[in-house]
There are 2 protein chains.
Amino acid sequence: MEPLLLHPDPPPPELAQALDLAGYPWKSASTPEEAARLEPADGWSGAVVLAHLDPEAAFAFCRTLRRRDVPLEPLLLLVSGGQLGDLELRDDLFDDFCLSPFHPRELEARLKHLFWRTGTGTRPELVEYGPLVLNLETYQAAIAGRPLDLTYMEYELLKFLATNPGKVFTREILLSRVWGYEYYGGARTVDVHIRRLRAKLGEEHASLIQTVRSVGYRFGQPRWSV
Amino acid sequence: MEPLLLHPDPPPPELAQALDLAGYPWKSASTPEEAARLEPADGWSGAVVLAHLDPEAAFAFCRTLRRRDVPLEPLLLLVSGGQLGDLELRDDLFDDFCLSPFHPRELEARLKHLFWRTGTGTRPELVEYGPLVLNLETYQAAIAGRPLDLTYMEYELLKFLATNPGKVFTREILLSRVWGYEYYGGARTVDVHIRRLRAKLGEEHASLIQTVRSVGYRFGQPRWSV
DNA sequence: CGTTGTGTGAACGCTCTGTTACAGCGGCCG
DNA sequence: CGGCCGCTGTAACAGAGCGTTCACACAACG
C-alpha cells in the first residue's frame, strides 16, 4: 500500500503511533514542495493534516494539495474543538475531520470509511449554476455552452463564488480564501479580477456577479429557501 | 428546510436539543414504516441514527432506508466508542459517524459538511419579523415576498431594529450601535434614514417602524402588547 | 397658541466602485 | 542568452451612488 502523507513534519508521536498500530505506512512533510519530493511513483494513498498547531499553514497545505492536477484524496483533517468554526467555507479542503485529542480507534475507523468511500468515487467534479459549468478535473469553464478562457486566478475566484452561490463575500474574505494568505492593502485586486471575469462572462451574463456596495460581491441569486 | 429523520423515537434529549440549537428541524421514528408515514412530500433532508442503544435495530433501520428507490442520504450514525468495530463491513449503511457522547458543535459541523458534500444546500441565516425577512448571508431583504432594494446603511439600520423588535431606541443609541461608537454627527440623520426605510417598506408596512415621541423609534409591536 | 419635536424634499460632498494603464515576473521559444 | 508574451498586482482617475446636512412644513402636546 502506498504511504499516507502527514503534515506537519515531524508529526506528533500519538498520531504516528496510531497509524503504525493501524498498519498504515506514512511519510511526513511540512511544505507542499517537500511533499512533492517525497511522493511515491504511484502517488499518495491519502493525507492526514494536523490543523491545530498552525491552522493557516495547514489550510494552505491542504489547498495546494487539492489544486494539483490530480487532487489528493482522501484528506483527513485533525482539529481541536475550538477550531470547528474554522471549517466553515473550507469544506472543499478536506473529506473528513476528527477531533483532537482523538481515540486511535476512531482515527482508524475514519480512515477505513474514507478509503471505502473514495473507492466508490463521490467527489463532485462539476460545479454548475444556471448557464455556468465548471469542470474541476479539466480546469475548464463554459457559459451557456460557450467555452471560457480563464486564467488560473480567474478560475479559482469564479469557482469559489460559484460554490457558494448567493452569499456575499467581502474583499478580505475573498483574498484569504481564494488567494490563500492574509493580505494588506490590496483589496482593489479583487475588483480588477471581478471586472475581468465579468468581461469574459460576456455582457449577457456579467450580472451573474453582483456588487453589494460597501460589502463585497455576490454570485448568482440568493437562496430564498424560506 | 425539510426535516431530518431521527431514530429511535423518542430520541435522547441531548440529541434533540443539539439539533434544535443548530436550527435543524426533525421528526423521529422507531421503524421504517413509521418513517414512511411521517415522510414529508419533498422527502427527508437526511437522517441521524443512534446506534448504541439497540445496534441491531439501528443497522436494520439504516439498511431499509438505503434500499429505497431513492436512498436516503446523508445518513449520520451516532455510535459509542466500543461500537467502532461494528462499523466494519457496514460502510454502505452510513455517510459519516460521530462518537457518542458528542459535542454539539461537532455534530453541527458534521451535518454541515455532509450537506455540503452531498450537494444539499445549507440553510441561510435569516432574521424574520412578520412579513419582513432579512437574509444575512446575501444582504437582501424582502417584505411580504417582495424584494427590497436597500442601501448599506438602510439595511444595517433595519437589521438592528428587526433583531430587537418591540424595543425603543433613542437616536443616540442608534447612532452608536448602527453607525459606530466613534460616530459624531447629527441626530437628524436617523430620521432621514427611517423615513427612507418607511418609504421602501411601502405604505402598507410603514407602520412597522413607529415613532415614540421625545424618545426615538421602535420596530414592531411593544413586548407588553396593546 | 406657542413650543417642541418630527416628516419631507433637495443639495452638497464624500466614499466606493468601474475602468484603464502600466510594471513586475515568469515561462516559452528562437 | 535575449526578447517576447501572458498573467498578475498596483496605481490613478473619473463617475456614480449614497450619506449627511439644511431648511422648512407640519404635527403633537401643554
# chains A, B, ... in the order shown; residues from 1 in each chain; ligands from 1
call {"tool": "closest_atom_pairs", "arguments": {"of": "chain A", "to": "chain B", "cutoff": "6 Å", "atoms": "only C-alpha atoms", "output": "CSV"}}
result
residue,atom,partner,partner_atom,distance
A:Gly166,CA,B:Thr138,CA,5.7
A:Lys167,CA,B:Thr138,CA,4.7
A:Val168,CA,B:Thr138,CA,5.1
call {"tool": "interface_residues", "arguments": {"of": "chain C", "to": "chain A", "cutoff": "10 Å", "atoms": "only C-alpha atoms (C1' of nucleotides)", "output": "list in words"}}
result
DT15, DC16, DT17, DG18 and DT19 of chain C
call {"tool": "write_last_selection", "arguments": {"atoms": "C-alpha atoms (C1' of nucleotides)", "output": "compact mmCIF listing (two decimals), in the first residue's frame"}}
result
# COMPACT_ATOMS: atom_id res chain seq x y z
C1' DT C 15 -16.85 57.29 -0.31
C1' DC C 16 -16.80 53.43 -3.06
C1' DT C 17 -16.52 51.20 -7.43
C1' DG C 18 -15.55 50.65 -12.53
C1' DT C 19 -12.14 51.18 -15.67
call {"tool": "select_by_dssp", "arguments": {"residues": "stretch 30-144 of chain B", "states": "helix (DSSP H, G or I)", "output": "PyMOL selection string"}}
result
chain B and resi 32-38+55-66+81-87+91-93+104-117
call {"tool": "write_last_selection", "arguments": {"atoms": "C-alpha atoms", "output": "PDB file, in the first residue's frame"}}
result
ATOM      1  CA  PRO B  32     -39.077   2.211   8.693  1.00  0.00           C
ATOM      2  CA  GLU B  33     -42.866   2.011   8.344  1.00  0.00           C
ATOM      3  CA  GLU B  34     -43.298   4.858  10.768  1.00  0.00           C
ATOM      4  CA  ALA B  35     -40.643   6.821   8.917  1.00  0.00           C
ATOM      5  CA  ALA B  36     -42.502   6.285   5.647  1.00  0.00           C
ATOM      6  CA  ARG B  37     -45.714   7.532   7.224  1.00  0.00           C
ATOM      7  CA  LEU B  38     -44.099  10.694   8.593  1.00  0.00           C
ATOM      8  CA  PRO B  55     -27.435  -1.659  17.473  1.00  0.00           C
ATOM      9  CA  GLU B  56     -29.199  -4.401  15.549  1.00  0.00           C
ATOM     10  CA  ALA B  57     -32.410  -2.431  15.211  1.00  0.00           C
ATOM     11  CA  ALA B  58     -30.453   0.666  14.212  1.00  0.00           C
ATOM     12  CA  PHE B  59     -28.498  -1.064  11.462  1.00  0.00           C
ATOM     13  CA  ALA B  60     -31.650  -2.718  10.150  1.00  0.00           C
ATOM     14  CA  PHE B  61     -33.252   0.713  10.106  1.00  0.00           C
ATOM     15  CA  CYS B  62     -30.374   2.133   8.073  1.00  0.00           C
ATOM     16  CA  ARG B  63     -30.392  -0.782   5.681  1.00  0.00           C
ATOM     17  CA  THR B  64     -34.052  -0.285   4.863  1.00  0.00           C
ATOM     18  CA  LEU B  65     -33.565   3.436   4.256  1.00  0.00           C
ATOM     19  CA  ARG B  66     -30.641   2.765   1.945  1.00  0.00           C
ATOM     20  CA  GLY B  81     -16.558   4.091  21.404  1.00  0.00           C
ATOM     21  CA  GLY B  82     -16.969   0.362  21.930  1.00  0.00           C
ATOM     22  CA  GLN B  83     -19.026   0.050  18.779  1.00  0.00           C
ATOM     23  CA  LEU B  84     -16.380   1.254  16.357  1.00  0.00           C
ATOM     24  CA  GLY B  85     -15.715  -2.357  15.404  1.00  0.00           C
ATOM     25  CA  ASP B  86     -19.357  -2.796  14.415  1.00  0.00           C
ATOM     26  CA  LEU B  87     -18.867  -0.326  11.585  1.00  0.00           C
ATOM     27  CA  ASP B  91     -19.652   1.216   5.241  1.00  0.00           C
ATOM     28  CA  ASP B  92     -22.550   1.334   2.839  1.00  0.00           C
ATOM     29  CA  LEU B  93     -25.040   1.964   5.637  1.00  0.00           C
ATOM     30  CA  PRO B 104     -22.970  19.624  19.970  1.00  0.00           C
ATOM     31  CA  ARG B 105     -20.647  21.668  17.784  1.00  0.00           C
ATOM     32  CA  GLU B 106     -19.065  18.545  16.350  1.00  0.00           C
ATOM     33  CA  LEU B 107     -22.485  17.222  15.422  1.00  0.00           C
ATOM     34  CA  GLU B 108     -23.334  20.508  13.779  1.00  0.00           C
ATOM     35  CA  ALA B 109     -20.049  20.633  11.875  1.00  0.00           C
ATOM     36  CA  ARG B 110     -20.526  17.073  10.617  1.00  0.00           C
ATOM     37  CA  LEU B 111     -24.036  17.772   9.420  1.00  0.00           C
ATOM     38  CA  LYS B 112     -22.898  20.928   7.695  1.00  0.00           C
ATOM     39  CA  HIS B 113     -20.063  19.148   5.911  1.00  0.00           C
ATOM     40  CA  LEU B 114     -22.352  16.265   4.964  1.00  0.00           C
ATOM     41  CA  PHE B 115     -24.887  18.584   3.418  1.00  0.00           C
ATOM     42  CA  TRP B 116     -22.176  20.354   1.533  1.00  0.00           C
ATOM     43  CA  ARG B 117     -20.719  17.071   0.305  1.00  0.00           C
TER      44      ARG B 117
END
call {"tool": "closest_residue", "arguments": {"among": "B:Leu78, B:Leu201, B:Val215, B:Val190", "to": "D:DT20", "atoms": "only C-alpha atoms (C1' of nucleotides)"}}
result
B:Val190
call {"tool": "residues_around", "arguments": {"residues": "stretch 21-27 of chain A", "least_positions_apart": "3", "cutoff": "7 Å", "atoms": "only C-alpha atoms (C1' of nucleotides)", "output": "list in words"}}
result
Pro3, Leu4, Leu5, Leu6, Gln17, Ala18 and Glu108 of chain A
call {"tool": "write_last_selection", "arguments": {"atoms": "N, CA and C atoms", "output": "short mmCIF file (atom, residue, chain, number, x, y, z; two decimals), in the first residue's frame"}}
result
data_model
loop_
_atom_site.label_atom_id
_atom_site.label_comp_id
_atom_site.auth_asym_id
_atom_site.auth_seq_id
_atom_site.Cartn_x
_atom_site.Cartn_y
_atom_site.Cartn_z
N PRO A 3 2.07 4.98 0.89
CA PRO A 3 2.00 5.63 2.20
C PRO A 3 1.04 6.82 2.22
N LEU A 4 0.64 7.18 3.44
CA LEU A 4 -0.14 8.39 3.68
C LEU A 4 0.81 9.57 3.82
N LEU A 5 0.33 10.74 3.42
CA LEU A 5 1.11 11.96 3.61
C LEU A 5 0.66 12.63 4.90
N LEU A 6 1.62 12.91 5.79
CA LEU A 6 1.28 13.58 7.05
C LEU A 6 1.81 15.00 7.08
N GLN A 17 2.07 6.92 16.12
CA GLN A 17 1.86 5.61 16.75
C GLN A 17 0.52 5.00 16.34
N ALA A 18 -0.51 5.83 16.32
CA ALA A 18 -1.83 5.33 15.96
C ALA A 18 -1.83 4.77 14.54
N GLU A 108 -8.73 5.27 13.09
CA GLU A 108 -8.66 4.11 12.20
C GLU A 108 -10.00 3.90 11.47
#
call {"tool": "select_by_dssp", "arguments": {"residues": "stretch 99-203 of chain B", "states": "strand (DSSP E)", "output": "MDAnalysis selection string"}}
result
chainID B and resid 99 126:129 132:135 140:143 146:148 168:170
call {"tool": "write_last_selection", "arguments": {"atoms": "N, CA and C atoms", "output": "mmCIF file, in the first residue's frame"}}
result
data_model
loop_
_atom_site.group_PDB
_atom_site.id
_atom_site.type_symbol
_atom_site.label_atom_id
_atom_site.label_comp_id
_atom_site.auth_asym_id
_atom_site.auth_seq_id
_atom_site.Cartn_x
_atom_site.Cartn_y
_atom_site.Cartn_z
ATOM 1 N N LEU B 99 -18.867 10.010 17.386
ATOM 2 C CA LEU B 99 -18.791 9.300 18.665
ATOM 3 C C LEU B 99 -19.771 9.902 19.668
ATOM 4 N N LEU B 126 -31.358 33.811 8.696
ATOM 5 C CA LEU B 126 -32.437 34.757 8.442
ATOM 6 C C LEU B 126 -32.809 35.503 9.709
ATOM 7 N N VAL B 127 -33.234 36.742 9.512
ATOM 8 C CA VAL B 127 -33.899 37.493 10.572
ATOM 9 C C VAL B 127 -35.307 37.729 10.077
ATOM 10 N N GLU B 128 -36.274 37.259 10.834
ATOM 11 C CA GLU B 128 -37.659 37.378 10.376
ATOM 12 C C GLU B 128 -38.498 38.100 11.424
ATOM 13 N N TYR B 129 -39.409 38.906 10.938
ATOM 14 C CA TYR B 129 -40.396 39.506 11.818
ATOM 15 C C TYR B 129 -41.639 39.776 10.978
ATOM 16 N N LEU B 132 -41.528 40.645 7.222
ATOM 17 C CA LEU B 132 -40.162 41.055 6.866
ATOM 18 C C LEU B 132 -39.179 39.893 6.994
ATOM 19 N N VAL B 133 -38.332 39.751 5.980
ATOM 20 C CA VAL B 133 -37.277 38.733 6.015
ATOM 21 C C VAL B 133 -35.965 39.380 5.618
ATOM 22 N N LEU B 134 -34.955 39.198 6.461
ATOM 23 C CA LEU B 134 -33.612 39.665 6.136
ATOM 24 C C LEU B 134 -32.707 38.456 5.994
ATOM 25 N N ASN B 135 -32.051 38.341 4.867
ATOM 26 C CA ASN B 135 -31.085 37.283 4.643
ATOM 27 C C ASN B 135 -29.694 37.837 4.915
ATOM 28 N N GLN B 140 -29.792 40.647 1.490
ATOM 29 C CA GLN B 140 -31.014 41.026 0.810
ATOM 30 C C GLN B 140 -32.170 41.036 1.791
ATOM 31 N N ALA B 141 -33.156 41.813 1.453
ATOM 32 C CA ALA B 141 -34.316 41.951 2.316
ATOM 33 C C ALA B 141 -35.582 41.816 1.489
ATOM 34 N N ALA B 142 -36.643 41.358 2.123
ATOM 35 C CA ALA B 142 -37.918 41.238 1.428
ATOM 36 C C ALA B 142 -39.050 41.524 2.404
ATOM 37 N N ILE B 143 -40.096 42.157 1.888
ATOM 38 C CA ILE B 143 -41.277 42.409 2.704
ATOM 39 C C ILE B 143 -42.476 41.776 2.003
ATOM 40 N N ARG B 146 -41.893 40.492 -1.420
ATOM 41 C CA ARG B 146 -41.380 41.440 -2.408
ATOM 42 C C ARG B 146 -39.968 41.874 -2.011
ATOM 43 N N PRO B 147 -38.994 41.740 -2.904
ATOM 44 C CA PRO B 147 -37.619 42.118 -2.576
ATOM 45 C C PRO B 147 -37.505 43.620 -2.326
ATOM 46 N N LEU B 148 -36.704 43.966 -1.353
ATOM 47 C CA LEU B 148 -36.455 45.368 -1.044
ATOM 48 C C LEU B 148 -35.051 45.730 -1.513
ATOM 49 N N VAL B 168 -37.568 50.225 22.173
ATOM 50 C CA VAL B 168 -37.403 51.605 21.729
ATOM 51 C C VAL B 168 -35.940 52.015 21.833
ATOM 52 N N PHE B 169 -35.446 52.674 20.763
ATOM 53 C CA PHE B 169 -34.062 53.145 20.776
ATOM 54 C C PHE B 169 -34.038 54.651 20.557
ATOM 55 N N THR B 170 -33.241 55.343 21.332
ATOM 56 C CA THR B 170 -33.046 56.759 21.081
ATOM 57 C C THR B 170 -32.170 56.923 19.852
#
call {"tool": "residues_around", "arguments": {"residues": "stretch 21-29 of chain C", "least_positions_apart": "2", "cutoff": "12 Å", "atoms": "only C-alpha atoms (C1' of nucleotides)", "output": "MDAnalysis selection string"}}
result
(chainID C and resid 19) or (chainID D and resid 1:13)
call {"tool": "write_last_selection", "arguments": {"atoms": "C-alpha atoms (C1' of nucleotides)", "output": "PDB file, in the first residue's frame"}}
result
ATOM      1  C1'  DT C  19     -12.137  51.178 -15.672  1.00  0.00           C
TER       2       DT C  19
ATOM      3  C1'  DC D   1      21.176  34.173 -23.586  1.00  0.00           C
ATOM      4  C1'  DG D   2      17.828  37.642 -25.011  1.00  0.00           C
ATOM      5  C1'  DG D   3      13.413  39.008 -26.447  1.00  0.00           C
ATOM      6  C1'  DC D   4       8.522  38.270 -26.454  1.00  0.00           C
ATOM      7  C1'  DC D   5       4.176  37.356 -24.333  1.00  0.00           C
ATOM      8  C1'  DG D   6       0.634  36.225 -20.965  1.00  0.00           C
ATOM      9  C1'  DC D   7      -0.681  36.595 -16.149  1.00  0.00           C
ATOM     10  C1'  DT D   8      -0.971  39.206 -12.032  1.00  0.00           C
ATOM     11  C1'  DG D   9      -0.928  43.007  -8.869  1.00  0.00           C
ATOM     12  C1'  DT D  10      -0.979  48.079  -8.226  1.00  0.00           C
ATOM     13  C1'  DA D  11      -1.824  52.916  -9.049  1.00  0.00           C
ATOM     14  C1'  DA D  12      -4.593  56.580 -10.728  1.00  0.00           C
ATOM     15  C1'  DC D  13      -8.608  58.682 -12.328  1.00  0.00           C
TER      16       DC D  13
END
call {"tool": "atom_distance", "arguments": {"atom1": "atom C1' of C:DA11", "atom2": "atom C1' of D:DA16"}}
result
15.9 Å
call {"tool": "interface_residues", "arguments": {"of": "chain D", "to": "chain B", "cutoff": "12 Å", "atoms": "only C-alpha atoms (C1' of nucleotides)", "output": "number ranges by chain"}}
result
D: 17-22, 27-29
call {"tool": "write_last_selection", "arguments": {"atoms": "N, CA and C atoms (P, O5', C5', C4', C3', O3' and C1' of nucleotides)", "output": "CSV table (one decimal), in the first residue's frame"}}
result
chain,number,residue,atom,x,y,z
D,17,DG,P,-25.7,55.3,-10.3
D,17,DG,O5',-25.6,55.0,-8.8
D,17,DG,C5',-24.6,54.1,-8.3
D,17,DG,C4',-24.3,54.3,-6.9
D,17,DG,C3',-25.6,54.4,-6.0
D,17,DG,O3',-25.5,53.5,-5.0
D,17,DG,C1',-24.1,56.2,-5.6
D,18,DC,P,-26.7,53.2,-4.0
D,18,DC,O5',-26.4,54.0,-2.7
D,18,DC,C5',-25.1,53.8,-2.1
D,18,DC,C4',-24.8,55.0,-1.2
D,18,DC,C3',-25.9,55.2,-0.2
D,18,DC,O3',-25.4,54.9,1.1
D,18,DC,C1',-25.0,57.2,-1.1
D,19,DG,P,-26.4,54.9,2.3
D,19,DG,O5',-25.8,56.1,3.2
D,19,DG,C5',-24.4,56.1,3.5
D,19,DG,C4',-24.0,57.5,4.0
D,19,DG,C3',-24.8,57.9,5.2
D,19,DG,O3',-23.9,58.5,6.1
D,19,DG,C1',-24.9,59.5,3.5
D,20,DT,P,-24.4,58.9,7.6
D,20,DT,O5',-24.5,60.5,7.5
D,20,DT,C5',-23.3,61.2,7.2
D,20,DT,C4',-23.6,62.7,6.8
D,20,DT,C3',-24.4,63.4,7.9
D,20,DT,O3',-23.6,64.4,8.5
D,20,DT,C1',-25.3,63.8,5.7
D,21,DT,P,-24.2,65.2,9.8
D,21,DT,O5',-24.7,66.5,9.2
D,21,DT,C5',-24.0,67.1,8.1
D,21,DT,C4',-24.9,68.1,7.4
D,21,DT,C3',-25.8,69.0,8.3
D,21,DT,O3',-25.3,70.4,8.2
D,21,DT,C1',-27.0,68.2,6.4
D,22,DC,P,-25.9,71.5,9.2
D,22,DC,O5',-27.0,72.2,8.3
D,22,DC,C5',-26.7,72.6,7.0
D,22,DC,C4',-27.9,73.0,6.2
D,22,DC,C3',-28.9,73.9,7.0
D,22,DC,O3',-29.2,75.0,6.3
D,22,DC,C1',-30.0,72.0,6.0
D,27,DA,P,-50.3,68.2,9.4
D,27,DA,O5',-50.0,67.4,10.7
D,27,DA,C5',-49.1,66.3,10.7
D,27,DA,C4',-48.6,66.1,12.1
D,27,DA,C3',-49.7,66.0,13.2
D,27,DA,O3',-49.4,64.9,14.0
D,27,DA,C1',-48.0,67.6,13.8
D,28,DA,P,-50.6,64.4,15.0
D,28,DA,O5',-49.9,64.7,16.5
D,28,DA,C5',-48.6,64.1,16.7
D,28,DA,C4',-48.0,64.7,18.0
D,28,DA,C3',-49.0,64.7,19.2
D,28,DA,O3',-48.3,64.2,20.3
D,28,DA,C1',-48.2,66.9,18.8
D,29,DC,P,-49.2,63.5,21.5
D,29,DC,O5',-48.9,64.5,22.7
D,29,DC,C5',-47.6,65.1,22.9
D,29,DC,C4',-47.8,66.4,23.6
D,29,DC,C3',-48.9,66.5,24.6
D,29,DC,O3',-48.3,66.6,26.0
D,29,DC,C1',-48.7,68.5,23.3
call {"tool": "residues_around", "arguments": {"residues": "B:Lys200", "least_positions_apart": "3", "cutoff": "9 Å", "atoms": "only C-alpha atoms (C1' of nucleotides)", "output": "ChimeraX atom specification"}}
result
/B:148-150,195-197,203,206
call {"tool": "residues_around", "arguments": {"residues": "B:His7", "least_positions_apart": "3", "cutoff": "8 Å", "atoms": "only C-alpha atoms (C1' of nucleotides)", "output": "PyMOL selection string"}}
result
chain B and resi 10-11+28-30+48-50+58
